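Student: Below you'll find the structure I mean.
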Amino acid sequence: MTHRDDALFDGESRAARRALRDDVRSELESHLALSREALIAEGLDPEAARLEANRRFGNIDAIEERCLLEKRSGERVMKTLVTVLAVGFVALSVAFALTTVRLRREALEREHVAQAFAHELADERSRSRTSLLGADDSARPGDIVQLVSDVVSELNLRVQVDSDGSILLPEIGRVMTTDVTRAELESSLAEAYAPLYVHPVEVFVQIERAVERD
Amino acid sequence: MEMSSDRPELPRGALELLVLKALSRTARHGYALARWIEERSDGALLVEEGSLYPALHRLERRGLIEAEWGKTDTGRRAKFYSLTDGGRESLRERTALWNRLSLGVAKVLRSRGAGGTA
């Protein structure tokens with residue numbers, strides 16, 4: 001029992017344990033001495049008083065152990081409490097860390113999904129919709145010609161190239177688009193519109209071509 | 001260490017209560033405390049050392065009593081116990097509780113046997 005207790009309280013210094021044990025032992029021996037003293041005062045001779053005092057007292061070693069147990073059970077409760085709290089704290093910290101990591105991972109996953117979705121959407125658009133022609137490309141029937149003018153708002157319009165390759169524009173009527181490049185179309189339109197407005201007219205042309213899906 | 005059977009060993013709660021009571025007026029060491037309780041009960045109660053000292057250390061650990069080494073009238077070294085403020089408070093509470101308990105038990109024991117109306 002003593003060894004087990006000592007093992008349990010290995011944090012306690014050997015000297016402190018000894019001091020505690022000595023203190024309890026001194027107290028119990030003091031009790032025996034007082035008891036002997038009283039018995040002698042009652043008329044017993046010293047040896048008879050010693051025997052009687054010991055008999056009344058009982059097993060001094062057992063009592064000492066019980067006293068030490070009482071003294072230490074408080075420490076034991078405290079140690080248990082501290083251990084439980086420490087374990088609880090560690091468990092909470094780990095749970096918190098894991099949750100943080102999980103939430104972060106989920107956020108990243110969501111971000112990836114969103115990005116992938118955005119890419120897919122962009123791909124889908126580019127595949128299913130249109131592509132823009134370059135400056136040296138020419139329009140074909142069915143293409144969409146987009147005019148953009150910062151100066152003349154009426155010239156911001158979208159028209160489809162007819163089957164004969166022309167487009168119908170305000171003021172200047174039909175203009176052929178299929179036999180010129182996009183750049184040439186831009187400059188010819190600027191020329192055509194120039195006389196009609198006070199300010200120089202600049203017209204940007206975009207030609208969109210419907211692209212078949214894969 | 002079996003003592004005469006007409007002096008029953010005190011149950012733990014009662015022993016602690018009597019220890020607190022014994023220290024309510026003055027500091028005493030264990031031996032004097034046990035004798036005081038036995039005398040006050042006209043010898044009806046027996047305080048077993050095997051229970052007394054663990055009880056003292058228990059009460060001390062709970063902060064209800066405190067201990068200090070001193071000298072007895074005969075010049076012998078002994079550990080004297082005295083009540084703390086907490087102990088005084090505990091003595092009041094335990095006394096009230098004990099009185100209610102013993103009154104209740106006495107009432108039940110005094111009542112007529114089975115079938116009697118309350």
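As shown in the structure tokens, the chain order sets the letters A, B, ...; within each chain, residues go from 1, and ligands are also counted from 1 in the order they appear.
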Applying 7 Å and only C-alpha atoms, which residues near Ile207 of chain A remain after dropping the ones on its own chain fewer than 2 positions away? List them as JSON, numbers by chain.
Tutor: {"A": [132, 133, 139, 143, 144, 145, 146, 205, 209]}
Student: Go ahead and save the residues from that selection, with C-alpha atoms, as a PDB file, in the first residue's frame.
Tutor:
```pdb
ATOM      1  CA  LEU A 132     -14.171  37.213 -82.388  1.00  0.00           C
ATOM      2  CA  LEU A 133     -12.524  37.647 -85.772  1.00  0.00           C
ATOM      3  CA  ALA A 139     -17.011  38.433 -92.280  1.00  0.00           C
ATOM      4  CA  ASP A 143     -21.767  36.659 -88.605  1.00  0.00           C
ATOM      5  CA  ILE A 144     -22.703  39.442 -86.224  1.00  0.00           C
ATOM      6  CA  VAL A 145     -21.120  42.831 -86.839  1.00  0.00           C
ATOM      7  CA  GLN A 146     -20.920  44.988 -83.738  1.00  0.00           C
ATOM      8  CA  VAL A 205     -15.939  46.914 -85.548  1.00  0.00           C
ATOM      9  CA  ARG A 209     -18.854  34.245 -85.530  1.00  0.00           C
TER      10      ARG A 209
END
```
Student: Hey, list the chain B side of the contact with chain A: 8 Å cut-off, only C-alpha atoms, answer as a CSV table (one decimal) with N, CA and C atoms, in the first residue's frame.
Tutor:
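Written out: part.csv:
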```csv
chain,number,residue,atom,x,y,z
B,1,MET,N,-8.7,-4.9,19.4
B,1,MET,CA,-9.1,-3.5,19.8
B,1,MET,C,-10.6,-3.4,20.0
B,30,GLY,N,-5.6,15.4,20.2
B,30,GLY,CA,-6.5,14.3,20.0
B,30,GLY,C,-6.9,13.5,21.2
B,31,TYR,N,-5.9,13.3,22.1
B,31,TYR,CA,-6.2,12.5,23.3
B,31,TYR,C,-7.3,13.2,24.2
B,48,GLU,N,-13.0,6.0,19.0
B,48,GLU,CA,-11.9,5.1,18.7
B,48,GLU,C,-10.8,5.9,18.0
B,49,GLU,N,-9.6,5.7,18.5
B,49,GLU,CA,-8.4,6.4,17.9
B,49,GLU,C,-8.3,6.1,16.5
B,50,GLY,N,-8.6,4.8,16.1
B,50,GLY,CA,-8.5,4.4,14.7
B,50,GLY,C,-9.4,5.2,13.8
B,51,SER,N,-10.4,5.8,14.3
B,51,SER,CA,-11.3,6.7,13.5
B,51,SER,C,-11.0,8.2,13.8
B,53,TYR,N,-8.2,9.9,14.5
B,53,TYR,CA,-7.1,10.7,13.8
B,53,TYR,C,-7.3,10.8,12.3
B,54,PRO,N,-7.8,9.8,11.7
B,54,PRO,CA,-8.1,10.0,10.2
B,54,PRO,C,-9.2,11.1,10.1
B,55,ALA,N,-10.2,11.2,11.0
B,55,ALA,CA,-11.2,12.2,11.0
B,55,ALA,C,-10.6,13.6,11.2
B,57,HIS,N,-7.5,14.5,10.5
B,57,HIS,CA,-6.7,14.9,9.2
B,57,HIS,C,-7.7,15.2,8.1
B,58,ARG,N,-8.8,14.6,8.1
B,58,ARG,CA,-9.8,14.9,7.0
B,58,ARG,C,-10.3,16.3,7.2
B,61,ARG,N,-7.8,18.8,6.3
B,61,ARG,CA,-7.6,18.9,4.9
B,61,ARG,C,-8.7,19.8,4.3
B,76,ARG,N,4.2,17.7,27.9
B,76,ARG,CA,4.4,16.7,26.8
B,76,ARG,C,4.1,17.4,25.4
B,77,ARG,N,4.8,17.1,24.4
B,77,ARG,CA,4.6,17.6,23.1
B,77,ARG,C,3.3,17.0,22.5
B,78,ALA,N,2.4,17.8,22.0
B,78,ALA,CA,1.2,17.3,21.3
B,78,ALA,C,0.7,18.2,20.3
B,79,LYS,N,-0.1,17.7,19.4
B,79,LYS,CA,-0.6,18.5,18.3
B,79,LYS,C,-2.0,19.0,18.7
```
Student: At a cut-off of 12 Å, using only C-alpha atoms, what residues contact segment 89-103 of chain B? Leave out same-chain residues fewer than 2 positions from it and give the result as a list in words.
Tutor: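 The neighbour list is Gly13, Ala14, Leu15, Glu16, Leu17, Leu18, Val19, Leu20, Lys21, Ala22, Leu23, Ser24, Arg25, Leu59, Arg62, Gly63, Leu64, Ile65, Leu83, Thr84, Asp85, Gly86, Gly87, Val105, Ala106, Lys107, Val108, Leu109 and Arg110 of chain B.
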Student: Those same residues - N, CA and C atoms - I'd like them written as a PDB file, in the first residue's frame.
Tutor:
```
ATOM      1  N   GLY B  13     -20.105  10.787  10.331  1.00  0.00           N
ATOM      2  CA  GLY B  13     -20.704  12.126  10.395  1.00  0.00           C
ATOM      3  C   GLY B  13     -20.839  12.620  11.820  1.00  0.00           C
ATOM      4  N   ALA B  14     -21.253  11.709  12.721  1.00  0.00           N
ATOM      5  CA  ALA B  14     -21.439  12.077  14.122  1.00  0.00           C
ATOM      6  C   ALA B  14     -20.100  12.376  14.777  1.00  0.00           C
ATOM      7  N   LEU B  15     -19.089  11.577  14.429  1.00  0.00           N
ATOM      8  CA  LEU B  15     -17.757  11.786  14.998  1.00  0.00           C
ATOM      9  C   LEU B  15     -17.214  13.169  14.600  1.00  0.00           C
ATOM     10  N   GLU B  16     -17.355  13.496  13.312  1.00  0.00           N
ATOM     11  CA  GLU B  16     -16.863  14.797  12.851  1.00  0.00           C
ATOM     12  C   GLU B  16     -17.596  15.935  13.557  1.00  0.00           C
ATOM     13  N   LEU B  17     -18.900  15.778  13.708  1.00  0.00           N
ATOM     14  CA  LEU B  17     -19.690  16.809  14.385  1.00  0.00           C
ATOM     15  C   LEU B  17     -19.214  16.998  15.826  1.00  0.00           C
ATOM     16  N   LEU B  18     -18.979  15.884  16.530  1.00  0.00           N
ATOM     17  CA  LEU B  18     -18.547  15.974  17.927  1.00  0.00           C
ATOM     18  C   LEU B  18     -17.126  16.530  18.037  1.00  0.00           C
ATOM     19  N   VAL B  19     -16.282  16.225  17.057  1.00  0.00           N
ATOM     20  CA  VAL B  19     -14.922  16.781  17.062  1.00  0.00           C
ATOM     21  C   VAL B  19     -15.001  18.303  16.919  1.00  0.00           C
ATOM     22  N   LEU B  20     -15.821  18.767  15.982  1.00  0.00           N
ATOM     23  CA  LEU B  20     -15.970  20.212  15.794  1.00  0.00           C
ATOM     24  C   LEU B  20     -16.504  20.848  17.079  1.00  0.00           C
ATOM     25  N   LYS B  21     -17.482  20.161  17.696  1.00  0.00           N
ATOM     26  CA  LYS B  21     -18.070  20.684  18.931  1.00  0.00           C
ATOM     27  C   LYS B  21     -17.010  20.766  20.042  1.00  0.00           C
ATOM     28  N   ALA B  22     -16.193  19.720  20.147  1.00  0.00           N
ATOM     29  CA  ALA B  22     -15.169  19.655  21.192  1.00  0.00           C
ATOM     30  C   ALA B  22     -14.153  20.783  21.051  1.00  0.00           C
ATOM     31  N   LEU B  23     -14.003  21.292  19.807  1.00  0.00           N
ATOM     32  CA  LEU B  23     -13.007  22.336  19.573  1.00  0.00           C
ATOM     33  C   LEU B  23     -13.634  23.728  19.549  1.00  0.00           C
ATOM     34  N   SER B  24     -14.955  23.793  19.807  1.00  0.00           N
ATOM     35  CA  SER B  24     -15.650  25.073  19.623  1.00  0.00           C
ATOM     36  C   SER B  24     -15.223  26.121  20.650  1.00  0.00           C
ATOM     37  N   ARG B  25     -14.795  25.671  21.836  1.00  0.00           N
ATOM     38  CA  ARG B  25     -14.431  26.653  22.871  1.00  0.00           C
ATOM     39  C   ARG B  25     -12.925  26.795  23.034  1.00  0.00           C
ATOM     40  N   LEU B  59     -10.703  16.605   8.451  1.00  0.00           N
ATOM     41  CA  LEU B  59     -11.251  17.932   8.747  1.00  0.00           C
ATOM     42  C   LEU B  59     -10.206  19.023   8.503  1.00  0.00           C
ATOM     43  N   ARG B  62      -9.907  19.686   4.876  1.00  0.00           N
ATOM     44  CA  ARG B  62     -11.045  20.476   4.366  1.00  0.00           C
ATOM     45  C   ARG B  62     -11.045  21.910   4.893  1.00  0.00           C
ATOM     46  N   GLY B  63     -10.048  22.203   5.722  1.00  0.00           N
ATOM     47  CA  GLY B  63      -9.930  23.582   6.215  1.00  0.00           C
ATOM     48  C   GLY B  63     -10.899  23.923   7.335  1.00  0.00           C
ATOM     49  N   LEU B  64     -11.506  22.907   7.965  1.00  0.00           N
ATOM     50  CA  LEU B  64     -12.460  23.179   9.045  1.00  0.00           C
ATOM     51  C   LEU B  64     -11.756  23.305  10.388  1.00  0.00           C
ATOM     52  N   ILE B  65     -10.593  22.675  10.487  1.00  0.00           N
ATOM     53  CA  ILE B  65      -9.784  22.821  11.704  1.00  0.00           C
ATOM     54  C   ILE B  65      -8.342  23.055  11.275  1.00  0.00           C
ATOM     55  N   LEU B  83     -10.699  25.270  15.802  1.00  0.00           N
ATOM     56  CA  LEU B  83     -11.654  25.510  14.728  1.00  0.00           C
ATOM     57  C   LEU B  83     -11.228  26.696  13.874  1.00  0.00           C
ATOM     58  N   THR B  84     -11.452  26.585  12.570  1.00  0.00           N
ATOM     59  CA  THR B  84     -11.285  27.750  11.700  1.00  0.00           C
ATOM     60  C   THR B  84     -12.667  28.403  11.581  1.00  0.00           C
ATOM     61  N   ASP B  85     -12.738  29.542  10.892  1.00  0.00           N
ATOM     62  CA  ASP B  85     -14.045  30.178  10.671  1.00  0.00           C
ATOM     63  C   ASP B  85     -14.966  29.242   9.903  1.00  0.00           C
ATOM     64  N   GLY B  86     -14.371  28.564   8.937  1.00  0.00           N
ATOM     65  CA  GLY B  86     -15.143  27.593   8.143  1.00  0.00           C
ATOM     66  C   GLY B  86     -15.663  26.474   9.027  1.00  0.00           C
ATOM     67  N   GLY B  87     -14.822  26.061   9.987  1.00  0.00           N
ATOM     68  CA  GLY B  87     -15.215  25.000  10.900  1.00  0.00           C
ATOM     69  C   GLY B  87     -16.369  25.428  11.789  1.00  0.00           C
ATOM     70  N   VAL B 105     -35.751  10.867  13.418  1.00  0.00           N
ATOM     71  CA  VAL B 105     -35.562   9.446  13.738  1.00  0.00           C
ATOM     72  C   VAL B 105     -36.310   9.104  15.030  1.00  0.00           C
ATOM     73  N   ALA B 106     -36.200   9.986  16.023  1.00  0.00           N
ATOM     74  CA  ALA B 106     -36.855   9.738  17.316  1.00  0.00           C
ATOM     75  C   ALA B 106     -38.374   9.657  17.142  1.00  0.00           C
ATOM     76  N   LYS B 107     -38.914  10.554  16.310  1.00  0.00           N
ATOM     77  CA  LYS B 107     -40.362  10.545  16.066  1.00  0.00           C
ATOM     78  C   LYS B 107     -40.816   9.215  15.478  1.00  0.00           C
ATOM     79  N   VAL B 108     -40.043   8.766  14.488  1.00  0.00           N
ATOM     80  CA  VAL B 108     -40.402   7.497  13.844  1.00  0.00           C
ATOM     81  C   VAL B 108     -40.332   6.370  14.853  1.00  0.00           C
ATOM     82  N   LEU B 109     -39.287   6.383  15.661  1.00  0.00           N
ATOM     83  CA  LEU B 109     -39.109   5.289  16.620  1.00  0.00           C
ATOM     84  C   LEU B 109     -40.186   5.306  17.706  1.00  0.00           C
ATOM     85  N   ARG B 110     -40.658   6.505  18.034  1.00  0.00           N
ATOM     86  CA  ARG B 110     -41.681   6.617  19.078  1.00  0.00           C
ATOM     87  C   ARG B 110     -43.071   6.214  18.588  1.00  0.00           C
TER      88      ARG B 110
END
```
Student: Any chance you could list, as JSON, numbers by chain, the residues in chain B that come up helix (DSSP H, G or I) when DSSP is run on the backbone?
Tutor: {"B": [12, 13, 14, 15, 16, 17, 18, 19, 20, 21, 22, 30, 31, 32, 33, 34, 35, 36, 37, 38, 39, 40, 49, 50, 51, 52, 53, 54, 55, 56, 57, 58, 59, 60, 61, 85, 86, 87, 88, 89, 90, 91, 92, 93, 94, 95, 96, 97, 98, 99, 100, 101, 102, 103, 104, 105, 106, 107, 108, 109, 110]}
Student: Could you give me, as a PyMOL selection string, the residues within 9 Å of Arg36 of chain A, counting only C-alpha atoms and dropping anything in the same chain fewer than 5 positions from it?
Tutor: chain A and resi 31+41+44+46+48-54
Student: Please, which residues of chain B, numbered as in this document, come out strand (DSSP E or B) from DSSP, as a PyMOL selection string?
Tutor: chain B and resi 9+28-29+46+65-71+77-83
Student: Please write the residues from the selection above to a file, keeping N, CA and C atoms, as a CSV table (one decimal), in the first residue's frame.
Tutor:
```
chain,number,residue,atom,x,y,z
B,9,GLU,N,-19.4,2.4,18.3
B,9,GLU,CA,-18.5,3.3,17.6
B,9,GLU,C,-19.3,4.3,16.9
B,28,ARG,N,-7.7,21.7,21.4
B,28,ARG,CA,-7.4,20.4,22.1
B,28,ARG,C,-6.6,19.5,21.3
B,29,HIS,N,-5.8,18.7,21.9
B,29,HIS,CA,-5.1,17.6,21.1
B,29,HIS,C,-6.0,16.4,21.1
B,46,LEU,N,-17.9,6.0,22.7
B,46,LEU,CA,-16.5,5.7,22.7
B,46,LEU,C,-15.9,6.3,21.4
B,65,ILE,N,-10.6,22.7,10.5
B,65,ILE,CA,-9.8,22.8,11.7
B,65,ILE,C,-8.3,23.1,11.3
B,66,GLU,N,-7.5,23.6,12.2
B,66,GLU,CA,-6.1,23.7,11.9
B,66,GLU,C,-5.3,23.2,13.1
B,67,ALA,N,-4.1,22.8,12.8
B,67,ALA,CA,-3.3,22.1,13.8
B,67,ALA,C,-2.0,22.9,14.1
B,68,GLU,N,-1.6,22.8,15.3
B,68,GLU,CA,-0.3,23.4,15.7
B,68,GLU,C,0.3,22.6,16.9
B,69,TRP,N,1.6,22.3,16.7
B,69,TRP,CA,2.3,21.6,17.8
B,69,TRP,C,2.4,22.5,19.0
B,70,GLY,N,2.2,21.9,20.2
B,70,GLY,CA,2.3,22.7,21.4
B,70,GLY,C,2.7,21.8,22.6
B,71,LYS,N,2.6,22.3,23.8
B,71,LYS,CA,2.9,21.5,25.0
B,71,LYS,C,1.7,21.3,25.9
B,77,ARG,N,4.8,17.1,24.4
B,77,ARG,CA,4.6,17.6,23.1
B,77,ARG,C,3.3,17.0,22.5
B,78,ALA,N,2.4,17.8,22.0
B,78,ALA,CA,1.2,17.3,21.3
B,78,ALA,C,0.7,18.2,20.3
B,79,LYS,N,-0.1,17.7,19.4
B,79,LYS,CA,-0.6,18.5,18.3
B,79,LYS,C,-2.0,19.0,18.7
B,80,PHE,N,-2.1,20.3,18.8
B,80,PHE,CA,-3.4,20.9,19.2
B,80,PHE,C,-4.2,21.4,18.0
B,81,TYR,N,-5.5,21.0,18.0
B,81,TYR,CA,-6.4,21.4,16.9
B,81,TYR,C,-7.3,22.5,17.4
B,82,SER,N,-7.6,23.4,16.5
B,82,SER,CA,-8.6,24.5,16.8
B,82,SER,C,-9.5,24.7,15.6
B,83,LEU,N,-10.7,25.3,15.8
B,83,LEU,CA,-11.7,25.5,14.7
B,83,LEU,C,-11.2,26.7,13.9
```
Student: Counting only C-alpha atoms, what is within 12 Å of segment 176-184 of chain A, bar same-chain residues fewer than 2 positions away, as a PDB file with C-alpha atoms, in the first residue's frame?
Tutor:
```pdb
ATOM      1  CA  LEU A 132     -14.171  37.213 -82.388  1.00  0.00           C
ATOM      2  CA  LEU A 133     -12.524  37.647 -85.772  1.00  0.00           C
ATOM      3  CA  GLY A 134      -9.086  39.171 -86.082  1.00  0.00           C
ATOM      4  CA  ALA A 135      -8.256  42.419 -87.892  1.00  0.00           C
ATOM      5  CA  ASP A 136      -7.311  40.585 -91.092  1.00  0.00           C
ATOM      6  CA  ASP A 137     -10.327  38.272 -91.151  1.00  0.00           C
ATOM      7  CA  SER A 138     -13.384  38.862 -93.256  1.00  0.00           C
ATOM      8  CA  ALA A 139     -17.011  38.433 -92.280  1.00  0.00           C
ATOM      9  CA  ARG A 140     -19.220  35.682 -93.599  1.00  0.00           C
ATOM     10  CA  PRO A 141     -22.989  35.568 -94.001  1.00  0.00           C
ATOM     11  CA  GLY A 142     -24.566  34.913 -90.571  1.00  0.00           C
ATOM     12  CA  ASP A 143     -21.767  36.659 -88.605  1.00  0.00           C
ATOM     13  CA  ILE A 144     -22.703  39.442 -86.224  1.00  0.00           C
ATOM     14  CA  VAL A 145     -21.120  42.831 -86.839  1.00  0.00           C
ATOM     15  CA  GLN A 146     -20.920  44.988 -83.738  1.00  0.00           C
ATOM     16  CA  LEU A 147     -20.280  48.706 -84.245  1.00  0.00           C
ATOM     17  CA  VAL A 159     -26.351  43.718 -87.249  1.00  0.00           C
ATOM     18  CA  GLN A 160     -26.234  40.310 -88.869  1.00  0.00           C
ATOM     19  CA  VAL A 161     -24.449  39.830 -92.187  1.00  0.00           C
ATOM     20  CA  ASP A 162     -27.018  38.931 -94.819  1.00  0.00           C
ATOM     21  CA  SER A 163     -26.711  35.966 -97.104  1.00  0.00           C
ATOM     22  CA  ASP A 164     -25.326  38.276 -99.787  1.00  0.00           C
ATOM     23  CA  GLY A 165     -22.521  39.410 -97.443  1.00  0.00           C
ATOM     24  CA  SER A 166     -23.875  42.900 -96.777  1.00  0.00           C
ATOM     25  CA  ILE A 167     -25.123  44.688 -93.697  1.00  0.00           C
ATOM     26  CA  LEU A 168     -27.728  47.426 -93.567  1.00  0.00           C
ATOM     27  CA  LEU A 169     -26.586  50.520 -91.648  1.00  0.00           C
ATOM     28  CA  ILE A 172     -25.281  54.964 -95.430  1.00  0.00           C
ATOM     29  CA  GLY A 173     -27.398  51.928 -96.345  1.00  0.00           C
ATOM     30  CA  ARG A 174     -25.919  48.628 -97.439  1.00  0.00           C
ATOM     31  CA  GLU A 186     -13.502  49.918 -89.850  1.00  0.00           C
ATOM     32  CA  SER A 187     -11.738  52.535 -91.991  1.00  0.00           C
ATOM     33  CA  SER A 188     -14.337  52.480 -94.768  1.00  0.00           C
ATOM     34  CA  LEU A 189     -17.155  52.983 -92.262  1.00  0.00           C
ATOM     35  CA  ALA A 190     -15.243  55.885 -90.662  1.00  0.00           C
ATOM     36  CA  GLU A 191     -14.875  57.410 -94.129  1.00  0.00           C
ATOM     37  CA  VAL A 203     -16.068  53.330 -85.533  1.00  0.00           C
ATOM     38  CA  PHE A 204     -14.781  50.131 -83.969  1.00  0.00           C
ATOM     39  CA  VAL A 205     -15.939  46.914 -85.548  1.00  0.00           C
ATOM     40  CA  GLN A 206     -16.160  43.535 -83.874  1.00  0.00           C
ATOM     41  CA  ILE A 207     -17.209  40.537 -85.841  1.00  0.00           C
ATOM     42  CA  GLU A 208     -18.627  37.623 -83.919  1.00  0.00           C
TER      43      GLU A 208
END
```
Student: Find the spatial neighbours of Val201 of chain A, counting only C-alpha atoms, within a cut-off of 8 Å - ignore same-chain residues fewer than 6 positions away - and output them as number ranges by chain.
Tutor: A: 149, 151-152, 190, 193-194
Student: Between atom CA of Arg104 of chain A and atom CA of Asp123 of chain A, what is the spacing in Å?
Tutor: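 Value for the atom CA of Asp123 of chain A-atom CA of Arg104 of chain A distance: 28.1 Å.
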Student: When you draw a straight line from atom CA of Tyr197 of chain A to atom CA of Glu171 of chain A, how long is it in Å?
Tutor: 11.1 Å
